[in-house]
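A.B. asks: Dropping in target23.tsv, with TSV, C-alpha atoms.
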chain	number	residue	atom	x	y	z
A	9	MET	CA	-2.68	13.71	19.06
A	10	LYS	CA	-1.35	11.22	21.58
A	11	LYS	CA	-3.37	8.08	21.99
A	12	PRO	CA	-3.29	6.83	25.60
A	13	LEU	CA	-1.59	3.51	26.26
A	14	THR	CA	-3.80	0.45	26.42
A	15	LYS	CA	-4.92	-0.81	29.83
A	16	ILE	CA	-3.21	-4.14	30.54
A	17	ASN	CA	-5.48	-6.79	32.10
A	18	GLU	CA	-2.77	-9.19	33.31
A	19	ASN	CA	-1.01	-8.55	36.61
A	20	ILE	CA	2.72	-7.92	36.90
A	21	SER	CA	3.56	-11.31	38.44
A	22	GLU	CA	1.88	-13.13	35.52
A	23	LEU	CA	3.81	-11.03	33.03
A	24	GLU	CA	7.11	-11.58	34.90
A	25	HIS	CA	6.50	-15.33	34.91
A	26	SER	CA	5.66	-15.29	31.18
A	27	LEU	CA	8.81	-13.28	30.45
A	28	LYS	CA	10.97	-15.83	32.28
A	29	THR	CA	9.37	-18.92	30.75
A	30	GLU	CA	8.79	-17.80	27.13
A	31	LYS	CA	11.40	-19.30	24.81
A	32	ASP	CA	10.45	-17.47	21.59
A	33	SER	CA	12.19	-14.10	21.55
A	34	ARG	CA	9.51	-12.56	19.31
A	35	LEU	CA	6.82	-13.38	21.85
A	36	ARG	CA	9.05	-12.35	24.76
A	37	GLU	CA	9.33	-8.87	23.21
A	38	ARG	CA	5.56	-8.52	23.15
A	39	ILE	CA	5.22	-9.67	26.74
A	40	HIS	CA	8.00	-7.25	27.71
A	41	MET	CA	6.01	-4.44	26.11
A	42	LEU	CA	3.00	-5.31	28.29
A	43	TYR	CA	5.24	-5.51	31.35
A	44	LEU	CA	6.71	-2.05	30.65
A	45	ILE	CA	3.22	-0.56	30.43
A	46	LYS	CA	1.86	-2.36	33.51
A	47	SER	CA	4.88	-1.52	35.66
A	48	GLU	CA	4.79	2.09	34.38
A	49	LYS	CA	8.48	1.95	33.38
A	50	ALA	CA	7.46	3.40	30.02
A	51	LYS	CA	4.82	6.08	29.61
A	52	THR	CA	4.61	6.39	25.80
A	53	ARG	CA	4.80	4.22	22.70
A	54	ILE	CA	7.98	6.00	21.70
A	55	SER	CA	9.70	5.17	25.00
A	56	ILE	CA	8.61	1.51	24.67
A	57	ALA	CA	9.92	1.49	21.11
A	58	GLN	CA	13.28	2.84	22.27
A	59	ILE	CA	13.58	0.29	25.07
A	60	LEU	CA	12.68	-2.64	22.77
A	61	SER	CA	14.56	-1.22	19.75
A	62	ARG	CA	11.42	-1.37	17.64
A	63	ASN	CA	9.56	1.17	15.54
A	64	ARG	CA	6.81	3.06	17.36
A	65	ASN	CA	4.34	1.90	14.68
A	66	THR	CA	5.18	-1.74	15.48
A	67	ILE	CA	4.42	-1.05	19.13
A	68	GLY	CA	1.15	0.58	18.06
A	69	ASP	CA	0.23	-2.46	15.95
A	70	TRP	CA	0.95	-4.80	18.86
A	71	LEU	CA	-1.18	-2.70	21.19
A	72	ASP	CA	-4.04	-2.62	18.66
A	73	THR	CA	-3.87	-6.40	18.41
A	74	TYR	CA	-3.86	-6.68	22.20
A	75	GLU	CA	-6.93	-4.41	22.46
A	76	LYS	CA	-8.88	-6.38	19.84
A	77	GLU	CA	-7.78	-9.97	20.53
A	78	GLY	CA	-6.28	-9.96	24.01
A	79	LEU	CA	-3.10	-11.69	25.14
A	80	SER	CA	-3.70	-14.84	23.07
A	81	GLY	CA	-4.09	-12.74	19.91
A	82	LEU	CA	-0.93	-10.79	20.68
A	83	LEU	CA	1.04	-14.00	21.20
A	84	THR	CA	-0.09	-15.49	17.90
A	85	ILE	CA	2.40	-14.91	15.12
A	86	LYS	CA	0.65	-15.12	11.80
A	87	THR	CA	2.27	-17.07	8.96
A	88	LYS	CA	1.35	-17.44	5.32
A	89	PRO	CA	-0.17	-20.95	5.05
A	90	ASN	CA	-0.05	-21.40	1.26
A	91	ARG	CA	3.44	-20.08	0.70
A	92	LYS	CA	5.19	-21.76	-2.23
A	93	PHE	CA	8.63	-23.34	-1.86
A	94	SER	CA	11.47	-21.84	-3.84
A	95	ILE	CA	12.32	-25.32	-5.18
A	96	PRO	CA	9.57	-27.06	-7.23
A	97	PRO	CA	8.45	-30.51	-5.96
A	98	ASP	CA	9.94	-32.43	-8.93
A	99	VAL	CA	13.36	-30.80	-8.39
A	100	LEU	CA	13.09	-31.52	-4.68
A	101	GLN	CA	12.37	-35.17	-5.41
A	102	ASN	CA	15.39	-35.42	-7.76
A	103	LEU	CA	17.57	-33.75	-5.15
A	104	GLU	CA	16.40	-36.18	-2.47
A	105	GLN	CA	17.26	-39.16	-4.69
A	106	LYS	CA	20.65	-37.70	-5.54
A	107	LEU	CA	21.39	-37.15	-1.84
A	108	ARG	CA	20.69	-40.84	-1.13
A	109	ASN	CA	23.49	-41.92	-3.51
A	110	PRO	CA	26.67	-42.96	-1.72
A	111	GLU	CA	28.78	-40.38	-3.57
A	112	GLY	CA	26.29	-37.57	-2.88
A	113	PHE	CA	27.54	-33.99	-3.01
A	114	LYS	CA	30.72	-32.56	-1.55
A	115	SER	CA	29.09	-29.35	-0.29
A	116	TYR	CA	25.96	-27.23	-0.27
A	117	LYS	CA	27.63	-25.08	-2.93
A	118	ALA	CA	27.92	-28.20	-5.13
A	119	ILE	CA	24.19	-28.83	-4.65
A	120	GLN	CA	23.48	-25.20	-5.56
A	121	ILE	CA	25.57	-25.50	-8.76
A	122	TRP	CA	23.91	-28.82	-9.66
A	123	ILE	CA	20.39	-27.35	-9.35
A	124	GLN	CA	21.45	-24.31	-11.40
A	125	HIS	CA	22.98	-26.51	-14.13
A	126	GLU	CA	20.30	-29.23	-14.28
A	127	PHE	CA	17.12	-27.22	-13.74
A	128	SER	CA	18.11	-23.58	-14.42
A	129	ILE	CA	16.87	-22.54	-10.98
A	130	SER	CA	18.86	-20.15	-8.83
A	131	VAL	CA	18.40	-20.98	-5.14
A	132	PRO	CA	20.09	-18.89	-2.43
A	133	TYR	CA	22.66	-20.81	-0.39
A	134	GLN	CA	20.89	-20.26	2.94
A	135	THR	CA	17.54	-21.40	1.54
A	136	LEU	CA	19.13	-24.50	0.05
A	137	HIS	CA	20.92	-25.29	3.32
A	138	ARG	CA	17.66	-25.01	5.27
A	139	ILE	CA	15.79	-27.28	2.85
A	140	VAL	CA	18.50	-29.95	2.61
A	141	ARG	CA	19.47	-29.98	6.27
A	142	TYR	CA	16.13	-29.54	8.02
A	143	ARG	CA	13.40	-30.49	5.57
A	144	LEU	CA	15.12	-33.40	3.82
A	145	LYS	CA	17.20	-34.20	6.93
A	146	ALA	CA	20.29	-34.82	4.80
A	147	LYS	CA	23.89	-33.66	4.74
A	148	PRO	CA	26.44	-33.47	1.94
A	149	LYS	CA	28.82	-36.42	1.99
A	150	VAL	CA	32.16	-34.79	2.63
A	151	GLY	CA	35.26	-36.89	3.00
A	152	ARG	CA	37.39	-35.64	5.85
A	153	LYS	CA	41.14	-35.97	6.04
A	154	SER	CA	42.21	-38.43	8.67
A	155	HIS	CA	45.24	-37.99	10.85
A	156	ILE	CA	47.90	-40.65	10.52
A	157	LYS	CA	49.73	-41.19	13.78
A	158	LYS	CA	53.47	-40.98	13.50
A	159	THR	CA	55.48	-43.68	15.20
A	160	ASN	CA	57.64	-42.58	18.06
A	161	ARG	CA	61.07	-41.87	16.57
A	162	ARG	CA	62.81	-41.78	19.92
A	163	ALA	CA	63.44	-45.33	20.80
Now that the file is in, can you turn its structure into structure tokens?

C.D. replies:
Amino acid sequence: MKKPLTKINENISELEHSLKTEKDSRLRERIHMLYLIKSEKAKTRISIAQILSRNRNTIGDWLDTYEKEGLSGLLTIKTKPNRKFSIPPDVLQNLEQKLRNPEGFKSYKAIQIWIQHEFSISVPYQTLHRIVRYRLKAKPKVGRKSHIKKTNRRA
């Protein structure tokens, strides 16, 4: 049994403007879905799913959210507020202190090995990079080779 597409309350010009100004690609997809329905470029959930390269059930979930909560509900991406970090706070504190030392670490891989050796915790490279670079706002201290200028031999 086909369920009819939801009636979209916003007008096409509002949706076009939102599509152009929205920076988050996840939200832009949802607005694009509404635009496709309002402009009648897609007649079914399956055709919307094909255009957006999403599963038809995802489109159905988005439309259910839009029906119940409106545009603001659709454009709210829910996150898990009490999610635990993969690195315990005491290990994070030790890592932060170690990163402050002048010698520091040579690479993110060296940090990963140090955590594995010292605390017996296996942390994926990408997770570790994100925590060190963006949460702790630190970088490994890597010495770079410097170029020595050669003197002009043609004199």

A.B. asks: Skipping near chain neighbours, those fewer than 2 positions away, what residues fall within 9 Å of segment 14-25 of chain A using all atoms listed in the file, listed as a VMD selection string?

C.D. replies: chain A and resid 11 to 12 27 to 30 39 to 40 42 to 43 45 to 47 71 to 72 74 to 75 78 to 79

A.B. asks: Just the number, please: distance in Å from atom CA of Ser26 of chain A to atom CA of Lys49 of chain A, one decimal.

C.D. replies: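 Value for the atom CA of Ser26 of chain A-atom CA of Lys49 of chain A distance: 17.6 Å.
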
A.B. asks: For Ile139 of chain A, which of A:Ala118, A:Leu107, A:Ile123, A:Ile95 is the closest residue, counting all atoms listed in the file?

C.D. replies: A:Ile95

A.B. asks: Which residues, written as a list of chain:residue names, have at least one atom at most 10 Å from Ser94 of chain A, with only C-alpha atoms counted and residues fewer than 5 positions away on the same chain left out?

C.D. replies: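 Once the nearby chain positions are removed, what remains is A:Leu100, A:Ile129, A:Ser130, A:Val131, A:Pro132, A:Thr135, A:Leu136, A:Ile139.
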
A.B. asks: May I have the protein, DNA and RNA residues with an atom at most 12 Å from (-0.3, -6.9, 16.5), counting only C-alpha atoms in the file's coordinates, returned as a PyMOL selection string?

C.D. replies: chain A and resi 34-35+37-39+41+65-86

A.B. asks: Compare A:Pro89, A:Gln124, A:Tyr133, A:Pro148 by their minimum atom-to-atom distance to Gly112 of chain A, counting all atoms listed in the file, and give me the closest one.

C.D. replies: A:Pro148

A.B. asks: Could you tell me how far atom CA of Tyr116 of chain A lies from atom CA of Leu103 of chain A, in Å and to one decimal?

C.D. replies: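 Separation between atom CA of Tyr116 of chain A and atom CA of Leu103 of chain A: 11.7 Å.
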
A.B. asks: Could you state the separation of atom CA of Asn90 of chain A and atom CA of Trp122 of chain A in Å, given to one decimal place?

C.D. replies: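 Those two atoms sit 27.4 Å apart.
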